[in-house]
file run.cif (mmCIF, C-alpha atoms and all ligand atoms)
data_entry
#
loop_
_atom_site.label_atom_id
_atom_site.label_comp_id
_atom_site.auth_asym_id
_atom_site.auth_seq_id
_atom_site.Cartn_x
_atom_site.Cartn_y
_atom_site.Cartn_z
CA MET M 4 4.20 27.55 -52.50
CA SER M 5 1.55 28.96 -54.75
CA GLY M 6 2.36 30.91 -57.87
CA GLY M 7 1.47 34.48 -58.62
CA ARG M 8 2.04 36.01 -55.21
CA THR M 9 4.05 39.15 -54.95
CA SER M 10 7.29 39.43 -53.11
CA THR M 11 5.60 41.33 -50.30
CA THR M 12 3.10 38.54 -49.53
CA ARG M 13 3.87 36.93 -46.21
CA SER M 14 1.18 34.25 -46.08
CA THR M 15 2.96 31.50 -48.01
CA GLY M 16 5.15 30.45 -45.13
CA ARG M 17 8.15 30.77 -47.41
CA ASN M 18 8.84 34.46 -47.06
CA ASP M 19 10.43 34.05 -43.68
CA TRP M 20 12.36 31.16 -42.16
CA SER M 21 9.71 30.10 -39.65
CA SER M 22 9.39 26.73 -41.40
CA TRP M 23 12.96 26.01 -40.31
CA PRO M 24 13.12 27.17 -36.67
CA THR M 25 16.36 25.38 -35.87
CA TYR M 26 18.00 26.79 -38.94
CA GLN M 27 16.56 30.23 -38.25
CA ALA M 28 18.16 30.20 -34.82
CA SER M 29 21.51 28.95 -36.11
CA ILE M 30 23.10 32.32 -36.81
CA LEU M 31 26.25 31.15 -35.05
CA GLY M 32 26.12 27.54 -36.18
CA LEU M 33 23.86 24.53 -35.92
CA PRO M 34 23.02 23.03 -32.54
CA GLY M 35 25.24 20.19 -31.47
CA LYS M 36 28.99 19.92 -31.76
CA TYR M 37 30.94 19.39 -34.94
CA TRP M 38 34.48 19.23 -36.19
CA TYR M 39 35.26 22.38 -38.19
CA PRO M 40 38.38 23.15 -40.24
CA VAL M 41 39.87 26.41 -39.03
CA MET M 42 43.24 27.21 -40.60
CA TRP M 43 46.16 25.62 -42.44
CA SER M 44 48.46 23.60 -40.23
CA ASN M 45 51.42 25.78 -41.17
CA GLN M 46 49.62 28.90 -39.97
CA LEU M 47 49.91 27.57 -36.43
CA ALA M 48 53.58 27.77 -35.51
CA ARG M 49 55.17 29.36 -32.43
CA LYS M 50 52.69 32.14 -31.80
CA PRO M 51 49.15 31.81 -30.44
CA VAL M 52 46.48 32.34 -33.10
CA ALA M 53 43.13 33.89 -32.16
CA VAL M 54 40.07 32.74 -34.09
CA THR M 55 36.37 33.39 -33.54
CA LEU M 56 34.43 30.16 -34.05
CA LEU M 57 30.65 30.01 -33.65
CA GLY M 58 30.85 33.33 -31.85
CA ARG M 59 33.41 32.01 -29.34
CA PRO M 60 36.87 33.53 -29.00
CA ILE M 61 39.34 30.65 -29.20
CA VAL M 62 43.12 30.66 -28.99
CA PHE M 63 45.07 28.00 -30.88
CA PHE M 64 48.57 27.18 -29.75
CA ARG M 65 51.10 24.59 -30.77
CA ASP M 66 53.33 22.98 -28.15
CA LYS M 67 55.93 20.36 -29.06
CA GLY M 68 54.20 19.99 -32.41
CA VAL M 69 50.77 19.30 -30.92
CA PRO M 70 47.95 21.80 -31.53
CA TYR M 71 45.68 22.88 -28.67
CA ALA M 72 42.70 25.21 -28.37
CA LEU M 73 41.43 27.11 -25.33
CA HIS M 74 38.75 29.69 -24.71
CA ASP M 75 40.52 32.95 -25.45
CA ARG M 76 39.60 34.89 -22.34
CA CYS M 77 41.46 34.91 -19.07
CA PRO M 78 38.96 34.48 -16.23
CA HIS M 79 40.90 36.97 -14.07
CA ARG M 80 40.19 40.24 -15.90
CA GLY M 81 39.11 39.08 -19.33
CA VAL M 82 42.33 39.61 -21.27
CA PRO M 83 42.78 37.40 -24.37
CA LEU M 84 45.15 34.52 -23.67
CA SER M 85 46.21 34.81 -27.30
CA TYR M 86 48.23 37.89 -26.27
CA GLY M 87 50.19 35.69 -23.90
CA ARG M 88 53.24 33.44 -24.13
CA GLN M 89 54.44 30.11 -22.92
CA GLN M 90 56.43 30.14 -19.65
CA PHE M 91 56.25 26.43 -18.77
CA PRO M 92 55.93 23.39 -21.05
CA GLY M 93 52.34 22.33 -21.68
CA THR M 94 50.89 25.69 -20.61
CA ILE M 95 50.16 29.20 -21.80
CA SER M 96 50.35 32.26 -19.54
CA CYS M 97 48.13 35.31 -19.69
CA PRO M 98 50.17 38.45 -20.52
CA TYR M 99 48.67 40.55 -17.73
CA HIS M 100 49.30 38.84 -14.35
CA GLY M 101 50.68 35.53 -15.47
CA TRP M 102 47.80 33.19 -14.80
CA THR M 103 49.01 29.99 -16.39
CA PHE M 104 46.67 27.44 -17.94
CA ASP M 105 47.17 23.82 -18.90
CA LEU M 106 46.91 23.54 -22.68
CA GLU M 107 45.24 20.15 -22.61
CA SER M 108 42.61 20.68 -19.88
CA GLY M 109 42.38 24.46 -19.58
CA VAL M 110 42.87 24.18 -15.80
CA LEU M 111 44.81 26.91 -13.98
CA ARG M 112 48.17 25.40 -13.08
CA ALA M 113 50.04 28.40 -11.65
CA VAL M 114 49.59 32.08 -10.89
CA ILE M 115 53.03 33.56 -11.37
CA THR M 116 52.31 36.79 -9.48
CA ASP M 117 50.63 35.03 -6.53
CA GLY M 118 53.39 32.61 -5.66
CA PRO M 119 53.70 28.84 -5.86
CA ASP M 120 51.02 28.30 -3.20
CA SER M 121 48.28 30.27 -4.97
CA PRO M 122 45.01 28.80 -3.68
CA LEU M 123 43.35 29.25 -7.06
CA CYS M 124 45.37 26.58 -8.80
CA GLY M 125 43.19 23.70 -9.90
CA LYS M 126 40.03 25.62 -9.03
CA VAL M 127 39.72 27.77 -12.13
CA ALA M 128 39.65 26.67 -15.75
CA VAL M 129 38.98 27.92 -19.25
CA GLU M 130 37.16 25.71 -21.70
CA SER M 131 39.41 23.54 -23.82
CA TYR M 132 38.44 22.24 -27.25
CA PRO M 133 39.43 18.99 -28.96
CA VAL M 134 41.80 19.70 -31.85
CA ALA M 135 43.04 17.54 -34.71
CA GLU M 136 45.09 17.90 -37.88
CA ARG M 137 43.86 16.45 -41.15
CA LEU M 138 44.19 17.44 -44.82
CA GLY M 139 46.91 19.89 -43.84
CA MET M 140 44.44 21.82 -41.70
CA ILE M 141 43.77 22.40 -38.00
CA TRP M 142 40.29 21.22 -36.94
CA ALA M 143 38.41 22.02 -33.73
CA PHE M 144 35.37 20.33 -32.20
CA VAL M 145 33.07 23.17 -31.20
CA GLY M 146 29.41 23.74 -30.45
CA ASP M 147 26.65 23.48 -27.89
CA GLY M 148 25.70 20.56 -25.75
CA GLU M 149 27.46 17.63 -24.29
CA GLY M 150 29.18 14.96 -26.23
CA SER M 151 32.64 13.79 -26.97
CA PRO M 152 33.95 14.12 -30.48
CA PRO M 153 33.55 11.39 -33.05
CA PRO M 154 36.88 10.32 -34.55
CA ILE M 155 37.96 13.13 -36.85
CA ASP M 156 38.38 10.65 -39.69
CA GLU M 157 34.66 10.02 -39.72
CA VAL M 158 34.02 13.56 -40.90
CA ILE M 159 36.66 13.53 -43.60
CA PRO M 160 34.93 12.61 -46.89
CA ARG M 161 35.38 8.91 -47.53
CA GLU M 162 37.11 9.37 -50.89
CA LEU M 163 39.82 11.41 -49.18
CA ARG M 164 40.41 8.72 -46.57
CA GLU M 165 40.77 5.93 -49.06
CA ASN M 166 42.81 7.39 -51.92
CA SER M 167 45.97 9.33 -52.64
CA PHE M 168 45.48 12.77 -54.07
CA SER M 169 47.01 16.14 -54.80
CA MET M 170 45.34 18.99 -53.00
CA GLY M 171 45.31 22.78 -53.05
CA GLY M 172 43.07 25.29 -51.36
CA ARG M 173 42.35 28.63 -49.84
CA ILE M 174 41.04 29.62 -46.45
CA ASP M 175 39.69 33.12 -45.94
CA VAL M 176 37.40 34.94 -43.60
CA ARG M 177 34.57 36.35 -45.65
CA THR M 178 31.81 38.78 -44.82
CA GLY M 179 28.27 37.42 -44.60
CA GLY M 180 26.42 34.82 -42.59
CA TRP M 181 27.59 31.22 -42.87
CA ARG M 182 24.04 30.17 -43.83
CA PHE M 183 24.03 32.51 -46.82
CA ALA M 184 27.37 31.08 -47.85
CA ALA M 185 26.10 27.50 -47.58
CA GLU M 186 22.90 28.34 -49.42
CA ASN M 187 24.88 30.07 -52.14
CA GLY M 188 27.13 27.05 -52.51
CA TYR M 189 24.24 24.67 -52.98
CA ASP M 190 21.98 27.19 -54.79
CA GLU M 191 20.82 25.60 -58.00
CA GLY M 192 20.01 28.66 -60.06
CA HIS M 193 22.85 31.09 -59.67
CA ALA M 194 25.93 29.50 -61.18
CA LYS M 195 24.65 29.39 -64.74
CA TYR M 196 23.81 33.10 -64.61
CA LEU M 197 26.14 34.77 -62.09
CA HIS M 198 29.20 32.81 -63.21
CA ARG M 199 28.39 32.60 -66.92
CA ASN M 200 31.22 34.94 -67.91
CA SER M 201 33.70 33.92 -65.24
CA LEU M 202 37.20 33.11 -66.44
CA TRP M 203 36.97 29.62 -64.94
CA ARG M 204 33.99 28.90 -67.24
CA PHE M 205 35.32 30.91 -70.16
CA PHE M 206 35.24 28.03 -72.61
CA LYS M 207 32.35 26.15 -71.08
CA LEU M 208 28.76 26.71 -72.09
CA MET M 209 26.49 27.21 -69.14
CA PRO M 210 22.85 26.09 -69.30
CA THR M 211 20.10 28.69 -69.38
CA TRP M 212 17.85 26.76 -67.03
CA SER M 213 17.40 23.28 -65.68
CA ARG M 214 15.22 21.04 -63.59
CA THR M 215 16.63 19.33 -60.56
CA ARG M 216 15.66 16.99 -57.78
CA VAL M 217 17.45 16.61 -54.49
CA VAL M 218 17.96 13.06 -53.28
CA PRO M 219 19.45 11.62 -50.11
CA GLY M 220 22.83 10.06 -50.66
CA GLY M 221 25.21 7.99 -48.57
CA ASP M 222 27.55 9.36 -45.94
CA GLY M 223 25.14 12.12 -45.01
CA TRP M 224 25.10 13.88 -48.38
CA ILE M 225 22.04 15.23 -50.12
CA THR M 226 22.64 15.43 -53.83
CA ARG M 227 21.19 17.45 -56.69
CA VAL M 228 20.09 15.26 -59.55
CA GLN M 229 19.63 16.89 -62.90
CA ASP M 230 16.50 15.90 -64.82
CA GLU M 231 16.54 18.46 -67.62
CA VAL M 232 19.07 20.93 -68.98
CA HIS M 233 18.12 23.71 -71.38
CA TRP M 234 20.88 25.54 -73.20
CA GLU M 235 18.65 28.31 -74.45
CA ALA M 236 15.06 29.42 -74.04
CA THR M 237 12.53 31.76 -75.61
CA PHE M 238 10.82 33.96 -73.07
CA PRO M 239 7.27 34.97 -74.08
CA GLY M 240 7.08 38.50 -75.34
CA LEU M 241 10.79 39.02 -74.81
CA GLY M 242 12.74 36.72 -77.06
CA LYS M 243 15.48 34.18 -76.96
CA TRP M 244 18.19 34.05 -74.30
CA SER M 245 21.22 31.91 -74.03
CA GLY M 246 24.54 32.10 -72.30
CA GLN M 247 26.02 30.71 -75.50
CA ARG M 248 28.97 32.56 -77.03
CA TRP M 249 30.59 31.75 -80.34
CA TRP M 250 33.76 30.52 -78.69
CA LYS M 251 31.74 28.13 -76.56
CA ARG M 252 29.94 26.41 -79.40
CA GLY M 253 32.32 23.49 -79.52
CA ALA M 254 31.61 22.89 -75.89
CA LYS M 255 27.91 22.88 -76.63
CA ALA M 256 28.29 20.36 -79.45
CA ARG M 257 30.38 18.11 -77.26
CA MET M 258 27.91 18.33 -74.45
CA LEU M 259 24.86 17.73 -76.56
CA GLY M 260 26.47 14.97 -78.57
CA ALA M 261 28.14 13.06 -75.80
CA SER M 262 26.43 9.95 -74.58
CA PRO M 263 27.38 8.72 -71.11
CA SER M 264 29.53 5.97 -72.59
CA LYS M 265 31.41 8.48 -74.71
CA ALA M 266 31.74 10.98 -71.92
CA PRO M 267 35.13 12.59 -71.46
CA LYS M 268 37.55 10.62 -69.36
CA VAL M 269 36.40 10.32 -65.81
CA ASP M 270 38.94 9.79 -63.08
CA PRO M 271 38.54 6.19 -61.87
CA VAL M 272 38.26 7.22 -58.22
CA ILE M 273 35.51 9.65 -59.12
CA ARG M 274 33.77 7.09 -61.32
CA ASP M 275 33.76 4.60 -58.47
CA LEU M 276 32.09 7.13 -56.21
CA ASN M 277 29.02 6.53 -58.34
CA VAL M 278 27.30 9.69 -57.16
CA PRO M 279 23.71 10.32 -58.33
CA GLY M 280 24.57 13.93 -59.16
CA ASN M 281 27.64 16.07 -58.95
CA GLN M 282 26.64 18.64 -56.33
CA SER M 283 26.10 17.57 -52.75
CA ILE M 284 26.02 19.12 -49.32
CA ARG M 285 26.06 17.72 -45.81
CA LEU M 286 26.12 18.81 -42.20
CA PRO M 287 27.40 20.99 -40.74
CA GLY M 288 28.08 22.87 -43.98
CA LEU M 289 30.30 21.00 -46.41
CA LEU M 290 29.70 21.31 -50.14
CA ARG M 291 31.13 18.80 -52.61
CA ILE M 292 31.29 19.41 -56.34
CA VAL M 293 32.28 16.27 -58.22
CA HIS M 294 33.74 16.94 -61.65
CA SER M 295 35.04 14.33 -64.07
CA ARG M 296 38.68 15.06 -63.11
CA PHE M 297 38.56 16.77 -59.73
CA ILE M 298 36.49 17.32 -56.63
CA HIS M 299 36.03 20.72 -55.08
CA TYR M 300 34.99 21.05 -51.43
CA GLU M 301 33.81 24.08 -49.52
CA TRP M 302 33.35 24.28 -45.77
CA TYR M 303 31.32 27.16 -44.34
CA VAL M 304 32.51 27.63 -40.79
CA PRO M 305 30.48 30.03 -38.64
CA SER M 306 32.64 32.75 -37.12
CA THR M 307 30.73 35.86 -36.05
CA GLU M 308 27.15 36.78 -36.91
CA ASP M 309 28.28 38.23 -40.19
CA GLU M 310 31.55 36.51 -40.92
CA TYR M 311 32.41 32.95 -41.84
CA ILE M 312 35.57 31.05 -42.52
CA TYR M 313 35.45 29.92 -46.12
CA VAL M 314 37.56 26.83 -46.74
CA GLN M 315 38.05 25.81 -50.37
CA VAL M 316 39.82 22.58 -51.22
CA PHE M 317 40.54 21.27 -54.72
CA VAL M 318 41.47 17.61 -55.03
CA GLN M 319 42.87 15.66 -57.97
CA PHE M 320 43.39 11.94 -57.45
CA LYS M 321 46.94 11.72 -58.75
CA LYS M 322 50.12 10.10 -57.53
CA GLY M 323 53.80 10.60 -58.19
CA PHE M 324 54.77 12.90 -61.04
CA ALA M 325 51.13 13.35 -62.07
CA ALA M 326 50.48 14.73 -58.59
CA VAL M 327 53.22 17.30 -59.11
CA ILE M 328 51.63 18.40 -62.38
CA ALA M 329 48.25 18.52 -60.65
CA ARG M 330 49.74 20.70 -57.94
CA LEU M 331 51.17 23.10 -60.50
CA ARG M 332 47.85 23.19 -62.29
CA TYR M 333 46.26 24.19 -59.03
CA LEU M 334 48.84 26.83 -58.15
CA PHE M 335 48.98 28.54 -61.52
CA PHE M 336 45.45 28.12 -62.78
CA VAL M 337 42.73 26.80 -60.48
CA ARG M 338 43.76 28.89 -57.49
CA TRP M 339 43.28 32.14 -59.36
CA LEU M 340 40.44 31.38 -61.73
CA PHE M 341 38.25 29.08 -59.64
CA HIS M 342 39.22 29.72 -56.02
CA GLY M 343 39.84 33.37 -56.83
CA GLN M 344 37.68 35.06 -59.45
CA PHE M 345 34.86 32.50 -59.70
CA THR M 346 34.19 32.17 -55.98
CA GLY M 347 34.90 35.89 -55.66
CA GLN M 348 31.61 36.35 -57.50
CA ASP M 349 30.00 34.27 -54.75
CA ARG M 350 31.71 36.42 -52.13
CA TRP M 351 30.11 39.47 -53.74
CA MET M 352 26.62 37.96 -53.53
CA VAL M 353 26.89 36.38 -50.07
CA ASP M 354 27.97 39.74 -48.70
CA VAL M 355 24.85 41.51 -50.01
CA ILE M 356 22.08 38.90 -49.62
CA ASP M 357 19.37 40.41 -47.43
CA ALA M 358 16.86 37.72 -46.48
CA PRO M 359 14.35 36.97 -45.14
CA PRO M 360 11.94 38.17 -46.36
CA GLU M 361 12.42 36.23 -49.54
CA ARG M 362 10.28 34.86 -52.34
CA LEU M 363 11.69 31.53 -53.40
CA TYR M 364 11.44 30.11 -56.93
CA ARG M 365 11.57 26.58 -58.31
CA PRO M 366 15.36 26.10 -58.35
CA ASP M 367 15.44 27.02 -54.68
CA VAL M 368 14.42 23.46 -53.88
CA SER M 369 18.15 23.07 -53.34
CA ILE M 370 18.04 25.67 -50.58
CA THR M 371 14.89 24.35 -48.95
CA ARG M 372 16.25 20.79 -48.92
CA TRP M 373 19.42 22.02 -47.26
CA ARG M 374 17.40 23.88 -44.64
CA ALA M 375 15.29 20.78 -44.04
CA LEU M 376 18.47 18.79 -43.55
CA CYS M 377 19.66 21.30 -40.95
CA GLU M 378 16.34 20.96 -39.12
CA GLN M 379 17.27 17.34 -38.58
CA ALA M 380 20.67 18.15 -37.17
CA PRO M 381 21.14 16.41 -33.83
CA LYS M 382 20.30 18.91 -31.12
CA THR M 383 22.92 17.71 -28.71
CA GLY M 384 26.09 15.76 -28.82
CA GLN M 385 28.17 14.90 -31.77
CA ALA M 386 27.60 15.24 -35.44
CA LEU M 387 25.73 12.51 -37.23
CA ILE M 388 27.41 11.72 -40.50
CA ASP M 389 26.06 8.36 -41.47
CA GLY M 390 23.15 9.09 -43.76
CA ARG M 391 20.41 8.06 -41.35
CA ALA M 392 19.44 11.67 -40.82
CA HIS M 393 18.32 11.92 -44.41
CA LEU M 394 15.93 9.05 -44.83
CA SER M 395 12.92 11.14 -44.01
CA LEU M 396 13.87 13.68 -46.62
CA ALA M 397 12.85 11.52 -49.52
CA THR M 398 9.10 11.67 -49.15
CA PRO M 399 8.09 15.32 -49.15
CA LEU M 400 10.48 16.13 -51.92
CA GLU M 401 8.25 15.73 -54.95
CA SER M 402 5.47 17.97 -53.72
CA GLU M 403 7.89 20.58 -52.56
CA ASN M 404 9.79 20.25 -55.77
CA ARG M 405 6.83 20.84 -58.06
CA GLU M 406 8.14 24.29 -58.79
CA GLY M 407 11.73 23.14 -58.70
CA GLY M 408 14.41 22.82 -61.35
CA GLY M 409 18.22 22.59 -61.65
CA ASP M 410 21.38 21.24 -63.18
CA GLY M 411 24.64 19.74 -62.18
CA SER M 412 27.13 21.12 -64.65
CA ASP M 413 27.78 24.61 -63.42
CA TYR M 414 31.34 24.24 -62.15
FE1 LIG C 1 44.86 37.36 -17.10
FE2 LIG C 1 45.14 38.97 -15.01
S1 LIG C 1 43.87 39.18 -16.76
S2 LIG C 1 46.21 37.17 -15.49
FE FE2 C 2 28.69 30.24 -57.13
#
call {"tool": "encode", "arguments": {"input": "run.cif", "output": "structure tokens", "more": "lines below"}}
Ligand code: FES
Ligand code: FE2
result
Amino acid sequence: MSGGRTSTTRSTGRNDWSSWPTYQASILGLPGKYWYPVMWSNQLARKPVAVTLLGRPIVFFRDKGVPYALHDRCPHRGVPLSYGRQQFPGTISCPYHGWTFDLESGVLRAVITDGPDSPLCGKVAVESYPVAERLGMIWAFVGDGEGSPPPIDEVIPRELRENSFSMGGRIDVRTGGWRFAAENGYDEGHAKYLHRNSLWRFFKLMPTWSRTRVVPGGDGWITRVQDEVHWEATFPGLGKWSGQRWWKRGAKARMLGASPSKAPKVDPVIRDLNVPGNQSIRLPGLLRIVHSRFIHYEWYVPSTEDEYIYVQVFVQFKKGFAAVIARLRYLFFVRWLFHGQFTGQDRWMVDVIDAPPERLYRPDVSITRWRALCEQAPKTGQALIDGRAHLSLATPLESENREGGGDGSDY
């Protein structure tokens, strides 16, 4: 990017998304298949639940405790199977003429209104999707291309597989493209300005501006590393600006005075993660914010062209009675301030972003690194979550980052 161009200039190659053709085409999700979290386990009980995932209508149904997912369109006349009911174990029947599909395979097992010898049985099928339950959520393996699913545990963040924790979260369908949501989550510049007066950050000083790099991390993450943080700045001809408020001064003193060894208590699990920075993202759209005492995750699950399923999960690595306290802290505090008002500010922005065209600025290195990561998404088959996809990201970073900046303390 060269400086000094106006927002209407199209010759920089950064005003549209042509530098990221795969990403540009991924309105309904990245190519390849991935496990996506869809809903809370307890939302799937006796009734079928219809969900649009990556533009596909899908019906989820639980039978004898096991969740299943089928394409939600009866091949007979196109009625949603989610309007139907179960007539035989292991199946679901369309409400219109009683075509009855196997929950596991999607194959037509019976046609109630055509008699037991219906010649169509076994010859017609709807697509079935692999389903799993983890973290108290229903997950489905959805996307383009061939490929069987990797074990679901491989896509659960390692720290959640290896430790006990207390967890709370919210799942909502929000308006806006999933890519805008992911970009907003990893966006370096916005939190310190958009969220500066949020209730969640009421007592915490937010930086004015920062400089950041993005580095490849393990387990498929790319991580923002903070090189400089500026708590106030003087803008030529305009004056001084700071997000500082008198009630936040103590926070500023603590922050400026704290050396790493004197840093506030860090949860041992989080310390052992040894992350290079506290904000990371990985395919196919999972953000991780590592704080000293908690980790916040956000999944951006493509639904329709302008809706996404926004999954927020807040984890505290506590056991026993401490886990109960952590749970209460989530229910009475975090859920409303962080997963409510704070990310409600993000909802507001994601809904109104209108790009491209766009004119990126230095902190947007976070966005361009994320897009570059998506360009490397496997085009077919299963998700690659082992870090190899990111090795080639290290080299072009510095030149691209010349205008870049950031911080890691916005949450
Ligand atoms: Fe489904 Fe006729 S439309 S059985
Ligand atoms: Fe935000």
call {"tool": "closest_residue", "arguments": {"input": "run.cif", "among": "M:Glu378, M:Glu301, M:Asp117, M:Glu165", "to": "ligand LIG 1 (chain C)", "atoms": "only C-alpha atoms and all ligand atoms"}}
result
M:Asp117
call {"tool": "closest_residue", "arguments": {"input": "run.cif", "among": "M:Leu138, M:Ala194, M:Ala329, M:Ile115", "to": "Pro40 of chain M", "atoms": "all atoms listed in the file"}}
result
M:Leu138
call {"tool": "residues_near_ligand", "arguments": {"input": "run.cif", "ligand": "ligand FE2 2 (chain C)", "cutoff": "7 Å", "atoms": "only C-alpha atoms and all ligand atoms", "output": "ChimeraX atom specification"}}
result
/M:187-188,193-194,198,346,348-349
call {"tool": "closest_residue", "arguments": {"input": "run.cif", "among": "M:Val232, M:Leu241, M:Ile273, M:Ala185", "to": "Trp373 of chain M", "atoms": "only C-alpha atoms"}}
result
M:Ala185
call {"tool": "atom_distance", "arguments": {"input": "run.cif", "atom1": "atom CA of Tyr26 of chain M", "atom2": "atom CA of Arg59 of chain M"}}
result
18.9 Å
call {"tool": "closest_residue", "arguments": {"input": "run.cif", "among": "M:Gly171, M:Pro70, M:Gly32, M:Gly101", "to": "Val327 of chain M", "atoms": "only C-alpha atoms"}}
result
M:Gly171
call {"tool": "closest_residue", "arguments": {"input": "run.cif", "among": "M:Ser131, M:Ser85, M:Ser29, M:Asn281", "to": "ligand LIG 1 (chain C)", "atoms": "only C-alpha atoms and all ligand atoms"}}
result
M:Ser85
call {"tool": "residues_near_ligand", "arguments": {"input": "run.cif", "ligand": "ligand LIG 1 (chain C)", "cutoff": "8 Å", "atoms": "only C-alpha atoms and all ligand atoms", "output": "number ranges by chain"}}
result
M: 76-84, 96-103, 114
call {"tool": "residues_around", "arguments": {"input": "run.cif", "residues": "Pro279 of chain M", "least_positions_apart": "5", "cutoff": "10 Å", "atoms": "all atoms listed in the file", "output": "PyMOL selection string"}}
result
chain M and resi 217-220+225-229
call {"tool": "closest_residue", "arguments": {"input": "run.cif", "among": "M:Phe168, M:Trp212, M:Trp351, M:Tyr189", "to": "Gly323 of chain M", "atoms": "only C-alpha atoms"}}
result
M:Phe168
call {"tool": "atom_distance", "arguments": {"input": "run.cif", "atom1": "atom CA of Arg199 of chain M", "atom2": "atom CA of Gly246 of chain M"}}
result
6.6 Å
call {"tool": "atom_distance", "arguments": {"input": "run.cif", "atom1": "atom CA of His74 of chain M", "atom2": "atom CA of Ala48 of chain M"}}
result
18.4 Å
call {"tool": "residues_near_point", "arguments": {"input": "run.cif", "point": "(13.3, 31.4, -47.3)", "cutoff": "10 Å", "atoms": "only C-alpha atoms", "output": "VMD selection string"}}
result
chain M and resid 16 to 23 27 358 to 364 367 370 to 371 374
call {"tool": "decode", "arguments": {"input": "run.cif", "residues": "segment 175-190 of chain M", "atoms": "N, CA and C atoms", "output": "mmCIF file, in the first residue's frame"}}
result
data_model
loop_
_atom_site.group_PDB
_atom_site.id
_atom_site.type_symbol
_atom_site.label_atom_id
_atom_site.label_comp_id
_atom_site.auth_asym_id
_atom_site.auth_seq_id
_atom_site.Cartn_x
_atom_site.Cartn_y
_atom_site.Cartn_z
ATOM 1 N N ASP M 175 -26.040 -16.663 19.160
ATOM 2 C CA ASP M 175 -27.133 -15.998 18.469
ATOM 3 C C ASP M 175 -26.882 -15.912 16.983
ATOM 4 N N VAL M 176 -27.975 -15.760 16.262
ATOM 5 C CA VAL M 176 -27.861 -15.476 14.836
ATOM 6 C C VAL M 176 -27.823 -13.964 14.704
ATOM 7 N N ARG M 177 -26.766 -13.484 14.061
ATOM 8 C CA ARG M 177 -26.610 -12.039 13.913
ATOM 9 C C ARG M 177 -26.613 -11.650 12.435
ATOM 10 N N THR M 178 -26.997 -10.428 12.186
ATOM 11 C CA THR M 178 -27.048 -9.935 10.816
ATOM 12 C C THR M 178 -25.666 -9.468 10.382
ATOM 13 N N GLY M 179 -25.308 -9.820 9.140
ATOM 14 C CA GLY M 179 -24.011 -9.418 8.592
ATOM 15 C C GLY M 179 -23.310 -10.660 8.071
ATOM 16 N N GLY M 180 -22.348 -10.448 7.185
ATOM 17 C CA GLY M 180 -21.605 -11.568 6.640
ATOM 18 C C GLY M 180 -20.655 -12.149 7.671
ATOM 19 N N TRP M 181 -20.429 -13.452 7.613
ATOM 20 C CA TRP M 181 -19.531 -14.084 8.580
ATOM 21 C C TRP M 181 -18.111 -13.528 8.459
ATOM 22 N N ARG M 182 -17.718 -13.111 7.232
ATOM 23 C CA ARG M 182 -16.357 -12.582 7.066
ATOM 24 C C ARG M 182 -16.212 -11.238 7.781
ATOM 25 N N PHE M 183 -17.237 -10.419 7.736
ATOM 26 C CA PHE M 183 -17.163 -9.151 8.471
ATOM 27 C C PHE M 183 -17.073 -9.414 9.972
ATOM 28 N N ALA M 184 -17.781 -10.429 10.406
ATOM 29 C CA ALA M 184 -17.744 -10.760 11.836
ATOM 30 C C ALA M 184 -16.353 -11.236 12.234
ATOM 31 N N ALA M 185 -15.757 -12.095 11.410
ATOM 32 C CA ALA M 185 -14.418 -12.594 11.720
ATOM 33 C C ALA M 185 -13.397 -11.453 11.669
ATOM 34 N N GLU M 186 -13.517 -10.616 10.665
ATOM 35 C CA GLU M 186 -12.583 -9.497 10.554
ATOM 36 C C GLU M 186 -12.738 -8.551 11.737
ATOM 37 N N ASN M 187 -13.974 -8.322 12.140
ATOM 38 C CA ASN M 187 -14.198 -7.465 13.301
ATOM 39 C C ASN M 187 -13.563 -8.072 14.551
ATOM 40 N N GLY M 188 -13.708 -9.391 14.696
ATOM 41 C CA GLY M 188 -13.156 -10.022 15.889
ATOM 42 C C GLY M 188 -11.645 -9.868 15.975
ATOM 43 N N TYR M 189 -10.998 -9.974 14.838
ATOM 44 C CA TYR M 189 -9.529 -9.945 14.841
ATOM 45 C C TYR M 189 -8.983 -8.541 14.536
ATOM 46 N N ASP M 190 -9.859 -7.625 14.217
ATOM 47 C CA ASP M 190 -9.513 -6.241 13.861
ATOM 48 C C ASP M 190 -8.699 -5.603 14.990
#
